[in-house]
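A.B. asks: Encoded as structure tokens, here's the structure I'll be asking about.
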Amino acid sequence: MYKLGKSIARLGLLSAALLAANLAYAQGTQGSAKFPGVGRNATPAEVAAWDIDVRPDFKGLPKGSGSVEQGQTIWEAKCASCHGIFGESNEIFTPITGGTTKDDVKTGRVASLADMKQPQRTTLMKVPTVSTLWDYIYRAMPWNAPRSLTPDDTYALVAFILSIGEVVPDDFVLSNTNIAEVQAKMPNRNGMTRKHGFWNVKDKPDVNGSSCMNNCVAFVQIGSTLPDFARDAHGNIADQNRLYGPYRGADTTKPPVAKLPGAAGEGLAHAKDTHANAPKGAAALFKNENCSACHAPNAKLVGPSIADIAAKYKDQSGAVDKLMAKVKNGGAGVWGSIPMPPQAQLSDADRKALVEWVLSGGK
Amino acid sequence: MTKKQIELSVEDISAVEKPANRARLVKAPEHFISQELIADINANGLDETRRGFLRKGFMSAVGGAAAGLAAPLAFAAGEGDPAILEKQEWQTTLGKNVATMPYGVPSIYEANLIRRESPGLTRVSAASVAFTPLQGLFGTITPNGLHFERHHQGWYNLNPETHRLMVNGMVKNARVFTMNDLMRLPSVSRTHFIECGANTGLEWGNVAVPTVQYTHGMLSCCEFTGVPLKVLLEECGADLKKGKFLLAEGGDGSGMTRTINLESCLEDTIVAWSMNGEMLRPENGFPLRLVVPGVQGVSWVKWLRRLEVGDMPWNSKDEAVHYIELMPDGTHRQYASIQECKSVITTPSGGQQLLDKGFYNVSGMAWSGRGKIRRVDVSFDGGNNWRQARLETPVLTKSITRFNIDWVWDGSPAILQSRAVDDTGYIQPSIKTLRNVRGTRSIYHNNAIQSWKLDSNGEVSNVQVG
């Protein structure tokens, strides 16, 4: 009770401080005739702090510059762990680079988009404007630390990406004064169309269905079905439907039933088999505590895979204590230079359960 | 025992309520909580240690009860149904107190109907999708806990007291509103569907996923409450003659930005703080999101912190790299926003198992980003013959309409389809019609007629016809 009282008091102080701050800003407000007392004018500093968007005409672009070389240094430190050394990685996100040619830079159309030879569409194959890259990197990258790059960092990173795509040479310095010229070389700059019926609610649709009611199809042909091997790929569908009522889920851990189960639902799971579906234990902790943001069962993401960790520490005495300390305090160096942040919020029991689960290979 | 004497948390209740396999719950033995413990709780309240004692007490009470077998499924003729003849536990004992669960949760028997990810669809759960279990829903409203999730850089519980909405750009005065300010303004409450532009996107080339949760589950429908966008923009003196575009920006790490078409969307867009009568859920943008009726979900920017009026589109990452549609000639359609007329049968649907032949009320959802649903037809023979379905009322604009139709299944294989028509006269097309124009690599805006094949064993599966 005492604790609660104290935190309420603290909250009170906090809101008093906020209130005071609001009142101070409010002095410059011009009241509206319609809604007096609601809202206030933004200060120039506030607009500058939040209005960071950069349009295709470069309205909003801060002054600055950065070289390909500088970009490469920042890239290797902050971006390569997810996107690969040359932006080619397909492990976590779709690749940034690849699929464009010098010819595309001339025509402004990415030829591989039409010929279907490229297995995946990379960012450079799609993005028509440099402003898009600049805006997004500055506002949202790196993935786990958005808004940590300076404008010069951003120029450098954009220059580096464009140099890999051979849009600019390796010794290029991108700046606010030459960015428009670079935009005129983007490989897919002529690849976008707005001629379609989906922008305005009054636009005309590009297709329309048939209103036929009887004898519409001479021969009904099934063109595609779910492959047998995918029957259980989304887990047991019986566990994803009610265990009572007319529409049960098929038990996809088994082959389809031979005959209709009948009104009593013979052979199916029933309501009395209901179990608390909420996952519990280490696997749930792993997901809920965001471990899965950086670690996957088998693939390397930002951090090592569970399988790799289990293999490395197999049969090592003291591995549990060692890793429990690492989870609590964070660490770096064992699996590369990207540090793992400390997870001090976990209880000792949860940390132990997680570590033992990881060491068992996630079983 | 009054509420003051013993308080139970939701956790305690689920420990008691969770039925063991093939066991049924038997009333707890009396006095399994000692008088000392009750006195102690009365005097000192319920802390973790005392809660632990309670939990142990309940668990042993449950564990100690003999596991009785559930009633047999069939009964001999003449006797009658044990579910009627025998007294059930809930008829013969005292039920739980009011406010046992101060924020109510669904019955334990509904535990299977939850949001789920599609394995392998994305590689990072912070930039992923959790699908709504449409196969288990009724009517038109999506319960708040089942609304689909799509985040681009994870979700937060934003502090509503420090949340601000800034309106700037082509306005007379750039202005800042707190939640206190916004919630004083004149509000509207309207029911609209929200559908991700990529809903059904996995199925452009072929059948890829088993159930309607994964084919169509990036779809939800709620009553949203908030201030009309137009009221806010006029309050700030927006130049709506020159400013035909609006940038909406989110307060999350992705700083999600989307360009909104003011010519098309000014009249019905809402700056909303509520869904279905309570504040927005954090996964859905608490405390503020944009509601752009009829337009794909990505434009309904969550954790909304800024609106900027401008005279050209912004070409942000999610309108120049993603949410663009590849056509067969290699061009991408950009700023394709409207969700066109679409429908799907939800019961029965893919992965479901029917028990027997006989009567069924086949039911599903229909919606259109251009207006109201005018009619829905249903076919049971793969699209050869169609019958008109009933529309449940009310039929609202840019909202889900529930349809249903009587059907007596004779036990032979069938292919079920639904086809919606909206009040512009637009008819939901077949997948073949769509592919003829847009190919198979578009990802977005697949509003094709969905086919479910029903086998004679009662199992329903996802198929494509034609």
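Ordering of the structure tokens sets the chain letters (A, B, ...); residue numbers start at 1 within each chain; ligands are numbered from 1 in the order shown.
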Give me the residues of chain A that have any atom at most 6 Å from an atom of chain B; for each, the nearest atom pair and the distance in Å, rounded to one decimal. Use only C-alpha atoms, sort by chain and number, and format it as a Markdown table.
C.D. replies:
| residue | atom | partner | partner_atom | distance |
| --- | --- | --- | --- | --- |
| A:Val38 | CA | B:Asp181 | CA | 5.1 |
| A:Gly39 | CA | B:Phe177 | CA | 4.6 |
| A:Arg40 | CA | B:Val176 | CA | 5.5 |
| A:Asn41 | CA | B:Arg175 | CA | 4.2 |
| A:Ala42 | CA | B:Arg175 | CA | 4.8 |
| A:Arg55 | CA | B:Trp314 | CA | 4.9 |
| A:Ile92 | CA | B:Arg123 | CA | 5.8 |
| A:Leu113 | CA | B:Gly330 | CA | 4.7 |
| A:Ala114 | CA | B:Gly330 | CA | 4.1 |
| A:Lys126 | CA | B:Val321 | CA | 5.7 |
| A:Val127 | CA | B:Val321 | CA | 5.3 |
| A:Thr132 | CA | B:Ser316 | CA | 5.4 |
| A:Ala140 | CA | B:Ser254 | CA | 4.7 |
| A:Pro146 | CA | B:Gly253 | CA | 5.8 |
| A:Gly191 | CA | B:Thr331 | CA | 4.9 |
| A:Met192 | CA | B:His332 | CA | 4.9 |
| A:Thr193 | CA | B:Arg333 | CA | 5.0 |
| A:Arg194 | CA | B:Gln334 | CA | 5.5 |
| A:Phe198 | CA | B:Ala336 | CA | 4.5 |
| A:Trp199 | CA | B:Ala336 | CA | 5.3 |
| A:Asn200 | CA | B:Ser264 | CA | 5.3 |
| A:Val201 | CA | B:Arg370 | CA | 5.8 |
| A:Asn208 | CA | B:Ile427 | CA | 5.6 |
| A:Gly209 | CA | B:Pro429 | CA | 3.8 |
| A:Met213 | CA | B:Trp386 | CA | 4.9 |
| A:Asn214 | CA | B:Asn385 | CA | 4.4 |
| A:Asn215 | CA | B:Asn384 | CA | 5.1 |
| A:Cys216 | CA | B:Asn384 | CA | 4.6 |
| A:Val217 | CA | B:Asn384 | CA | 4.8 |
| A:Gln221 | CA | B:Gly466 | CA | 5.3 |
| A:Ile222 | CA | B:Val465 | CA | 4.4 |
| A:Gly223 | CA | B:Val465 | CA | 5.2 |
| A:Ser224 | CA | B:Gln464 | CA | 5.0 |
| A:Thr225 | CA | B:Val463 | CA | 4.6 |
| A:Leu226 | CA | B:Val207 | CA | 5.6 |
| A:Asp239 | CA | B:Asn112 | CA | 5.6 |
| A:Gln240 | CA | B:Asn112 | CA | 4.9 |
| A:Asn241 | CA | B:Asn112 | CA | 5.7 |
| A:Tyr247 | CA | B:Leu354 | CA | 5.7 |
| A:Arg248 | CA | B:Gln353 | CA | 5.1 |
| A:Gly249 | CA | B:Gln352 | CA | 4.2 |
| A:Ala250 | CA | B:Gln353 | CA | 5.0 |
| A:Lys259 | CA | B:Asn457 | CA | 4.6 |
| A:Leu260 | CA | B:Asn457 | CA | 4.7 |
| A:Pro261 | CA | B:Leu355 | CA | 5.1 |
| A:Gly262 | CA | B:Asp356 | CA | 4.9 |
| A:Ala263 | CA | B:Leu355 | CA | 5.6 |
| A:Gly265 | CA | B:Leu355 | CA | 5.9 |
| A:Asp273 | CA | B:Asn21 | CA | 5.2 |
| A:Asn277 | CA | B:Ala111 | CA | 5.5 |
| A:Ala293 | CA | B:Val124 | CA | 5.9 |
A.B. asks: Might you pull out every residue within 12 Å of Lys254 of chain A, with only C-alpha atoms counted and same-chain residues fewer than 3 positions away left off, and present them as a list of chain:residue names?
C.D. replies: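 Neighbouring residues, sequence-local ones excluded: A:Asp228, A:Phe229, A:Arg231, A:Asp232, A:Gly235, A:Asn236, A:Ile237, A:Ala238, A:Ala250, A:Asp251, A:Val257, A:Ala258, A:Gly267, A:Leu268.
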A.B. asks: Pick out the closest residue to Ser131 of chain A from this set: A:Leu157, A:Phe58, A:Phe172, A:Glu181. Count only C-alpha atoms.
C.D. replies: A:Phe58
A.B. asks: Can you tell me, as number ranges by chain, what residues are no more than 7 Å from Cys79 of chain A when counting only C-alpha atoms, ignoring any on the same chain fewer than 4 positions away?
C.D. replies: A: 75, 83, 142
A.B. asks: What does the distance between atom CA of Ala230 of chain A and atom CA of Gly362 of chain A come to in Å, to one decimal place?
C.D. replies: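 Between atom CA of Ala230 of chain A and atom CA of Gly362 of chain A the gap is 23.1 Å.
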A.B. asks: If you run DSSP on this backbone, which residues of segment 114-301 of chain B come out as helix (DSSP H, G or I), and could you give them as a VMD selection string?
C.D. replies: chain B and resid 125 to 127 134 to 136 144 to 146 179 to 182 201 to 203 212 to 216 229 to 235 262 to 265 282 to 284 297 to 299
A.B. asks: For the residues selected in the previous step, produce a file with N, CA and C atoms as a CSV table (one decimal), in the first residue's frame.
C.D. replies:
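Produced file again33.csv, reproduced below:
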chain,number,residue,atom,x,y,z
B,125,SER,N,9.1,-11.0,-36.2
B,125,SER,CA,7.8,-10.8,-35.7
B,125,SER,C,7.4,-9.4,-35.4
B,126,ALA,N,8.4,-8.5,-35.3
B,126,ALA,CA,8.1,-7.1,-35.1
B,126,ALA,C,7.6,-6.4,-36.4
B,127,ALA,N,7.9,-7.0,-37.5
B,127,ALA,CA,7.4,-6.5,-38.8
B,127,ALA,C,6.6,-7.6,-39.4
B,134,LEU,N,-11.4,-15.4,-38.8
B,134,LEU,CA,-12.7,-15.2,-39.3
B,134,LEU,C,-13.6,-16.4,-39.3
B,135,GLN,N,-13.0,-17.6,-39.3
B,135,GLN,CA,-13.8,-18.8,-39.3
B,135,GLN,C,-14.6,-19.0,-38.1
B,136,GLY,N,-14.4,-18.2,-37.0
B,136,GLY,CA,-15.1,-18.4,-35.8
B,136,GLY,C,-16.0,-17.2,-35.5
B,144,ASN,N,-12.3,-6.7,-30.1
B,144,ASN,CA,-11.0,-5.9,-30.1
B,144,ASN,C,-9.8,-6.8,-29.9
B,145,GLY,N,-9.9,-7.9,-29.1
B,145,GLY,CA,-8.7,-8.7,-28.9
B,145,GLY,C,-8.4,-9.6,-30.1
B,146,LEU,N,-9.3,-9.6,-31.1
B,146,LEU,CA,-9.0,-10.4,-32.3
B,146,LEU,C,-8.8,-9.6,-33.6
B,179,MET,N,-4.3,14.8,-26.2
B,179,MET,CA,-5.5,13.9,-26.1
B,179,MET,C,-6.7,14.7,-25.4
B,180,ASN,N,-6.3,15.5,-24.4
B,180,ASN,CA,-7.3,16.3,-23.7
B,180,ASN,C,-8.1,17.1,-24.7
B,181,ASP,N,-7.3,17.8,-25.6
B,181,ASP,CA,-7.9,18.6,-26.6
B,181,ASP,C,-8.8,17.8,-27.6
B,182,LEU,N,-8.2,16.8,-28.1
B,182,LEU,CA,-8.9,16.1,-29.2
B,182,LEU,C,-10.3,15.5,-28.7
B,201,GLY,N,-3.1,-11.9,-50.6
B,201,GLY,CA,-2.0,-11.7,-51.5
B,201,GLY,C,-1.2,-13.0,-51.7
B,202,LEU,N,-1.3,-13.9,-50.8
B,202,LEU,CA,-0.5,-15.2,-51.0
B,202,LEU,C,-1.1,-16.0,-52.1
B,203,GLU,N,-2.3,-15.7,-52.5
B,203,GLU,CA,-3.1,-16.6,-53.4
B,203,GLU,C,-3.1,-16.2,-54.8
B,212,VAL,N,-9.5,-19.7,-43.9
B,212,VAL,CA,-9.9,-18.4,-44.1
B,212,VAL,C,-9.2,-17.4,-43.2
B,213,GLN,N,-8.7,-17.9,-42.1
B,213,GLN,CA,-7.9,-17.0,-41.2
B,213,GLN,C,-6.7,-16.5,-42.0
B,214,TYR,N,-6.0,-17.4,-42.8
B,214,TYR,CA,-4.8,-17.0,-43.5
B,214,TYR,C,-5.1,-16.4,-44.9
B,215,THR,N,-6.2,-16.8,-45.5
B,215,THR,CA,-6.5,-16.3,-46.8
B,215,THR,C,-7.1,-14.9,-46.7
B,216,HIS,N,-7.9,-14.6,-45.7
B,216,HIS,CA,-8.7,-13.4,-45.6
B,216,HIS,C,-8.6,-12.6,-44.3
B,229,LEU,N,-11.8,14.2,-39.7
B,229,LEU,CA,-10.6,14.9,-40.2
B,229,LEU,C,-10.9,16.3,-40.7
B,230,LYS,N,-12.0,16.4,-41.3
B,230,LYS,CA,-12.4,17.7,-41.9
B,230,LYS,C,-12.5,18.8,-40.8
B,231,VAL,N,-13.0,18.5,-39.7
B,231,VAL,CA,-13.2,19.4,-38.6
B,231,VAL,C,-11.8,19.9,-38.1
B,232,LEU,N,-10.9,18.9,-38.0
B,232,LEU,CA,-9.5,19.3,-37.5
B,232,LEU,C,-8.8,20.2,-38.5
B,233,LEU,N,-8.9,19.8,-39.8
B,233,LEU,CA,-8.2,20.6,-40.8
B,233,LEU,C,-8.7,22.0,-41.0
B,234,GLU,N,-10.1,22.1,-40.9
B,234,GLU,CA,-10.7,23.4,-41.0
B,234,GLU,C,-10.3,24.3,-39.8
B,235,GLU,N,-10.2,23.6,-38.6
B,235,GLU,CA,-9.8,24.3,-37.4
B,235,GLU,C,-8.4,24.9,-37.5
B,262,LEU,N,-6.9,13.7,-50.4
B,262,LEU,CA,-8.0,14.5,-49.7
B,262,LEU,C,-9.2,14.7,-50.6
B,263,GLU,N,-9.0,14.6,-51.9
B,263,GLU,CA,-10.2,14.7,-52.8
B,263,GLU,C,-11.2,13.6,-52.5
B,264,SER,N,-10.6,12.4,-52.3
B,264,SER,CA,-11.4,11.2,-52.2
B,264,SER,C,-11.8,10.9,-50.7
B,265,CYS,N,-11.0,11.3,-49.8
B,265,CYS,CA,-11.1,10.8,-48.4
B,265,CYS,C,-11.5,11.9,-47.4
B,282,PRO,N,-3.4,-1.1,-27.9
B,282,PRO,CA,-2.1,-0.6,-28.3
B,282,PRO,C,-1.6,-1.2,-29.6
B,283,GLU,N,-2.0,-2.5,-29.9
B,283,GLU,CA,-1.6,-3.1,-31.1
B,283,GLU,C,-2.2,-2.4,-32.3
B,284,ASN,N,-3.3,-1.7,-32.0
B,284,ASN,CA,-4.1,-1.0,-33.1
B,284,ASN,C,-3.9,0.5,-33.1
B,297,GLY,N,-5.5,-0.8,-45.3
B,297,GLY,CA,-5.1,-0.6,-43.9
B,297,GLY,C,-3.9,0.1,-43.6
B,298,VAL,N,-2.9,0.1,-44.5
B,298,VAL,CA,-1.6,0.7,-44.3
B,298,VAL,C,-1.8,2.2,-44.1
B,299,SER,N,-2.8,2.8,-44.8
B,299,SER,CA,-3.1,4.2,-44.7
B,299,SER,C,-3.8,4.6,-43.4
A.B. asks: Rounded to one decimal place, report the atom CA of Ala349 of chain A-atom CA of Val105 of chain B distance in Å.
C.D. replies: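 Atom CA of Ala349 of chain A sits 27.9 Å away from atom CA of Val105 of chain B.
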A.B. asks: May I ask for the distance between atom CA of Ala264 of chain A and atom CA of Leu85 of chain B, given in Å to one decimal place?
C.D. replies: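 Pair atom CA of Ala264 of chain A / atom CA of Leu85 of chain B returns 17.9 Å.
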A.B. asks: Please determine, counting only C-alpha atoms, which residue among A:Lys312, A:Arg139, A:Pro227, A:Ser65 has the shortest atom-to-atom distance to Asp51 of chain A.
C.D. replies: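 Looking only at the distances to Asp51 of chain A, the closest residue turns out to be A:Arg139.
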A.B. asks: Choose the residue, out of A:Lys326, A:Lys195, A:Arg351, A:Lys106, that has the smallest atom-to-atom separation from Pro339 of chain A; count only C-alpha atoms.
C.D. replies: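 Closest candidate: A:Lys326.
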A.B. asks: Residues within 7 Å of Ser175 of chain A, please, as a PyMOL selection string. Count only C-alpha atoms; anything in the same chain fewer than 4 positions from it doesn't count.
C.D. replies: chain A and resi 64-66+155+179
A.B. asks: With only C-alpha atoms as the atoms that count, which of A:Val105, A:Ala332, A:Leu149, A:Met141 lies nearest to Glu166 of chain A?
C.D. replies: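 The shortest atom-to-atom distance to Glu166 of chain A comes from A:Val105.
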A.B. asks: Would you mind telling me which residue in B:Pro293, B:Gly358, B:Gly237, B:Gly104 lies nearest to Thr397 of chain B when using only C-alpha atoms?
C.D. replies: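 With only C-alpha atoms as the atom set, the closest residue is B:Pro293.
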A.B. asks: Given only C-alpha atoms as the basis, pick out the residue of B:Tyr323, B:Phe359, B:Phe138, B:Trp155 nearest to Tyr444 of chain B.
C.D. replies: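 Nearest candidate to Tyr444 of chain B out of B:Tyr323, B:Phe359, B:Phe138, B:Trp155: B:Tyr323.
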